[in-house]
Structure formats: C-alpha cells, structure tokens
Amino acid sequence: MHKNRESVGVVLDVDETLVLSVKRHYEVLTTLGKSLGWKNLPTFEQVLQMGGTHHAYGHYPRYAEINAEICAAEWFNRGLEVIPAAREAMDAIGSQVFFYLTTRPASMTRLTYEELLQAGFPDRPVIARPSSVPLKKTAEWKFSVLADQAQKLRNPLELIDDSVTTHLEIVRRRDRSVGTQLYAGAITPPHPTAVNWQEIVQRLGFLR
C-alpha cells in the first residue's frame, strides 16, 4: 500500500471482487462436464477450497477451450450476483476509483461496463484482457497496465484484487507508482495480507 495515500487512485478487479461469478461457473462446468463424461466432478465447496475452477477442472479434457467459450459468452456475464460489501464500499471510495481492470476477454468490455453501472458501481472505464494475453500471463499484464496508466495519468494507482498471484507480482516489482491490496474473495486462498471490504475502506479512509 502506498505511503502517500492521499493522491492514490483506486483500480478495481471485477470477478470475485465486485461480483460473484464462481458459483455460476461451477454450475455451468458441472452440467457440461456430466454431458462430456467427466468423472469425479468436484463439489462447489471443493472448487472454493481449491482456489477456483482452473484448479478444480483444469485437468479435464477440453477444459481450456470450453472455459474460454464460457467466459466470452454474454449470457454468462450478465446478471451476476453483486458482492454487497463491495457496493457499499463505493460510498466511501467511489470518487477515487479510476478504472476497472479485469481478466475477462476484451470482447466483454462493453457488457462489463454496462453491468457494473447497472449494479450501482462508479461510471468508469473498463480495461479487459486482450486476446494476445493468455490467462497464465494475467498478473504480468495487469501490472503492465497499471504501470502504464500511472505514468499516463501522473497518479499512483492501487489495485484491489482477489488474486494472490497478481498481488505478489505487484509486490515483487516494487514500483512506487503501483500499489496493491489483496481482497479476501470467495476463492482467495488464505494469505496474511488478505482483507475484507470493511478493512479496505478503513485503509482507504482518507478517500471519504
């Protein structure tokens, strides 16, 4: 977290940070898996314990292809359950939100923007993952976007994200213009720095 916090701009991850997509993801993959003959399918509790669908289903045949199709589908990304504490937090920090940064494919940019707006989140741009960036490179991509935007905006940025991998990548880089707070989301594994939305608001209390 930045020491000079008064000028920090907040950047928000989307899935499992603002909205819950993992439950729908589990339901869809389980239904498809059964039709494809996948054996020993995990329970929802196991998916959460394993850190999400990539870890829980990644060994099944055609998972990567099927998952990519699901994530790029309009029906999948519409009407997802909003995390109440995240929306409430916007009353305190919403004015300092600069943009959203999501692993969702770039084709979902407009839909994601519309859904966030409808859910009551701040009206800000959405930056989604280009097709040239594979999922395994998400952490590096997010850092590069943050560093680039911090330079363009001439303002330090702090990412709120539920990914431990992304959090550690930002910490590792030690870039004074890019900070990070790890949100303790539904699929975030136990980590000493993970915090809930109330704690995030307290840390960013200067933004009220």
# chains A, B, ... in the order shown; residues from 1 in each chain; ligands from 1

call {"tool": "residues_around", "arguments": {"residues": "Leu12 (chain A)", "least_positions_apart": "3", "cutoff": "7 Å", "atoms": "only C-alpha atoms", "output": "JSON, numbers by chain"}}
result
{"A": [99, 100, 101, 159, 160, 161]}

call {"tool": "write_last_selection", "arguments": {"atoms": "C-alpha atoms", "output": "JSON list (two decimals), in the first residue's frame"}}
result
[["chain", "number", "residue", "atom", "x", "y", "z"],
["A", 99, "PHE", "CA", -11.00, 2.39, -13.77],
["A", 100, "TYR", "CA", -11.75, -1.36, -13.71],
["A", 101, "LEU", "CA", -9.12, -3.93, -14.68],
["A", 159, "LEU", "CA", -5.31, -2.27, -7.32],
["A", 160, "ILE", "CA", -7.98, -4.05, -5.26],
["A", 161, "ASP", "CA", -7.93, -7.67, -6.50]]

call {"tool": "closest_atom_pairs", "arguments": {"of": "region 139-190 of chain A", "to": "region 50-72 of chain A", "cutoff": "9 Å", "atoms": "only C-alpha atoms", "output": "Markdown table"}}
result
| residue | atom | partner | partner_atom | distance |
| --- | --- | --- | --- | --- |
| A:Ala186 | CA | A:Gly51 | CA | 8.3 |
| A:Ile187 | CA | A:Gly51 | CA | 4.6 |
| A:Thr188 | CA | A:Gly51 | CA | 6.1 |
| A:Pro189 | CA | A:Gly51 | CA | 6.1 |

call {"tool": "residues_around", "arguments": {"residues": "region 134-142 of chain A", "least_positions_apart": "6", "cutoff": "10 Å", "atoms": "only C-alpha atoms", "output": "ChimeraX atom specification"}}
result
/A:13,64,68,101-105,127-128,148,159,163-170,173

call {"tool": "closest_residue", "arguments": {"among": "A:Arg154, A:Gly185, A:Pro122, A:Gln49", "to": "Ile93 (chain A)", "atoms": "only C-alpha atoms"}}
result
A:Pro122

call {"tool": "select_by_dssp", "arguments": {"residues": "region 29-142 of chain A", "states": "helix (DSSP H, G or I)", "output": "PyMOL selection string"}}
result
chain A and resi 29-36+44-50+53-57+63-71+74-77+84-96+106-118+135-142

call {"tool": "residues_around", "arguments": {"residues": "Val19 (chain A)", "least_positions_apart": "2", "cutoff": "12 Å", "atoms": "only C-alpha atoms", "output": "VMD selection string"}}
result
chain A and resid 12 to 17 21 to 24 77 to 87 102 112 115 to 116 119 to 121 161 to 162 185 to 186

call {"tool": "write_last_selection", "arguments": {"atoms": "C-alpha atoms", "output": "PDB file, in the first residue's frame"}}
result
ATOM      1  CA  LEU A  12     -10.885  -2.416  -9.182  1.00  0.00           C
ATOM      2  CA  ASP A  13     -10.827  -6.031 -10.300  1.00  0.00           C
ATOM      3  CA  VAL A  14     -14.291  -7.394 -11.203  1.00  0.00           C
ATOM      4  CA  ASP A  15     -14.921 -11.121 -10.729  1.00  0.00           C
ATOM      5  CA  GLU A  16     -14.876 -12.330  -7.111  1.00  0.00           C
ATOM      6  CA  THR A  17     -14.003  -8.778  -6.060  1.00  0.00           C
ATOM      7  CA  SER A  21     -19.015 -15.486 -10.915  1.00  0.00           C
ATOM      8  CA  VAL A  22     -17.535 -18.660  -9.415  1.00  0.00           C
ATOM      9  CA  LYS A  23     -20.879 -20.216  -8.460  1.00  0.00           C
ATOM     10  CA  ARG A  24     -22.319 -19.815 -11.959  1.00  0.00           C
ATOM     11  CA  ASN A  77     -21.525 -12.433 -17.730  1.00  0.00           C
ATOM     12  CA  ARG A  78     -24.964 -10.882 -17.331  1.00  0.00           C
ATOM     13  CA  GLY A  79     -26.807 -10.597 -14.026  1.00  0.00           C
ATOM     14  CA  LEU A  80     -24.071 -11.942 -11.775  1.00  0.00           C
ATOM     15  CA  GLU A  81     -24.557 -11.647  -8.035  1.00  0.00           C
ATOM     16  CA  VAL A  82     -23.110  -8.432  -6.643  1.00  0.00           C
ATOM     17  CA  ILE A  83     -20.978  -8.567  -3.500  1.00  0.00           C
ATOM     18  CA  PRO A  84     -22.991  -6.286  -1.151  1.00  0.00           C
ATOM     19  CA  ALA A  85     -19.975  -5.095   0.843  1.00  0.00           C
ATOM     20  CA  ALA A  86     -18.215  -4.053  -2.355  1.00  0.00           C
ATOM     21  CA  ARG A  87     -21.109  -1.899  -3.489  1.00  0.00           C
ATOM     22  CA  THR A 102     -10.453  -7.386 -15.485  1.00  0.00           C
ATOM     23  CA  THR A 112     -18.953  -5.491 -18.235  1.00  0.00           C
ATOM     24  CA  GLU A 115     -23.381  -4.480 -15.881  1.00  0.00           C
ATOM     25  CA  LEU A 116     -21.226  -2.616 -13.357  1.00  0.00           C
ATOM     26  CA  ALA A 119     -25.243  -2.769 -10.344  1.00  0.00           C
ATOM     27  CA  GLY A 120     -24.515   0.654  -8.862  1.00  0.00           C
ATOM     28  CA  PHE A 121     -20.748   0.800  -9.234  1.00  0.00           C
ATOM     29  CA  ASP A 161      -7.926  -7.666  -6.500  1.00  0.00           C
ATOM     30  CA  ASP A 162      -8.658 -11.126  -5.102  1.00  0.00           C
ATOM     31  CA  GLY A 185     -12.603 -13.200  -2.006  1.00  0.00           C
ATOM     32  CA  ALA A 186     -14.531 -16.464  -2.257  1.00  0.00           C
TER      33      ALA A 186
END

call {"tool": "atom_distance", "arguments": {"atom1": "CA of Ala194 (chain A)", "atom2": "CA of Gln181 (chain A)"}}
result
7.5 Å

call {"tool": "select_by_dssp", "arguments": {"residues": "chain A", "states": "strand (DSSP E or B)", "output": "PyMOL selection string"}}
result
chain A and resi 9-12+15+19-20+81-82+97-105+126-129+157-161+178-183+195

call {"tool": "closest_residue", "arguments": {"among": "A:Ala106, A:Ala89, A:Val8, A:Leu48", "to": "Ile200 (chain A)", "atoms": "only C-alpha atoms"}}
result
A:Ala89

call {"tool": "closest_residue", "arguments": {"among": "A:Gly37, A:Gly179, A:Gly94, A:Pro42", "to": "Gly205 (chain A)", "atoms": "only C-alpha atoms"}}
result
A:Gly94

call {"tool": "residues_around", "arguments": {"residues": "region 95-97 of chain A", "least_positions_apart": "5", "cutoff": "6 Å", "atoms": "only C-alpha atoms", "output": "list of chain:residue names"}}
result
A:Gly9, A:Val10, A:Val11

call {"tool": "write_last_selection", "arguments": {"atoms": "N, CA and C atoms", "output": "PDB file, in the first residue's frame"}}
result
ATOM      1  N   GLY A   9      -5.043   6.715  -6.750  1.00  0.00           N
ATOM      2  CA  GLY A   9      -6.247   6.368  -7.488  1.00  0.00           C
ATOM      3  C   GLY A   9      -6.519   4.882  -7.343  1.00  0.00           C
ATOM      4  N   VAL A  10      -7.778   4.513  -7.133  1.00  0.00           N
ATOM      5  CA  VAL A  10      -8.152   3.115  -6.907  1.00  0.00           C
ATOM      6  C   VAL A  10      -8.537   2.451  -8.229  1.00  0.00           C
ATOM      7  N   VAL A  11      -8.040   1.229  -8.433  1.00  0.00           N
ATOM      8  CA  VAL A  11      -8.393   0.419  -9.596  1.00  0.00           C
ATOM      9  C   VAL A  11      -9.031  -0.872  -9.079  1.00  0.00           C
TER      10      VAL A  11
END

call {"tool": "atom_distance", "arguments": {"atom1": "CA of Pro192 (chain A)", "atom2": "CA of Ser177 (chain A)"}}
result
23.0 Å

call {"tool": "closest_residue", "arguments": {"among": "A:Lys39, A:Val47, A:Ala92, A:Leu20", "to": "Gln202 (chain A)", "atoms": "only C-alpha atoms"}}
result
A:Ala92

call {"tool": "atom_distance", "arguments": {"atom1": "CA of Arg124 (chain A)", "atom2": "CA of Ser7 (chain A)"}}
result
17.8 Å
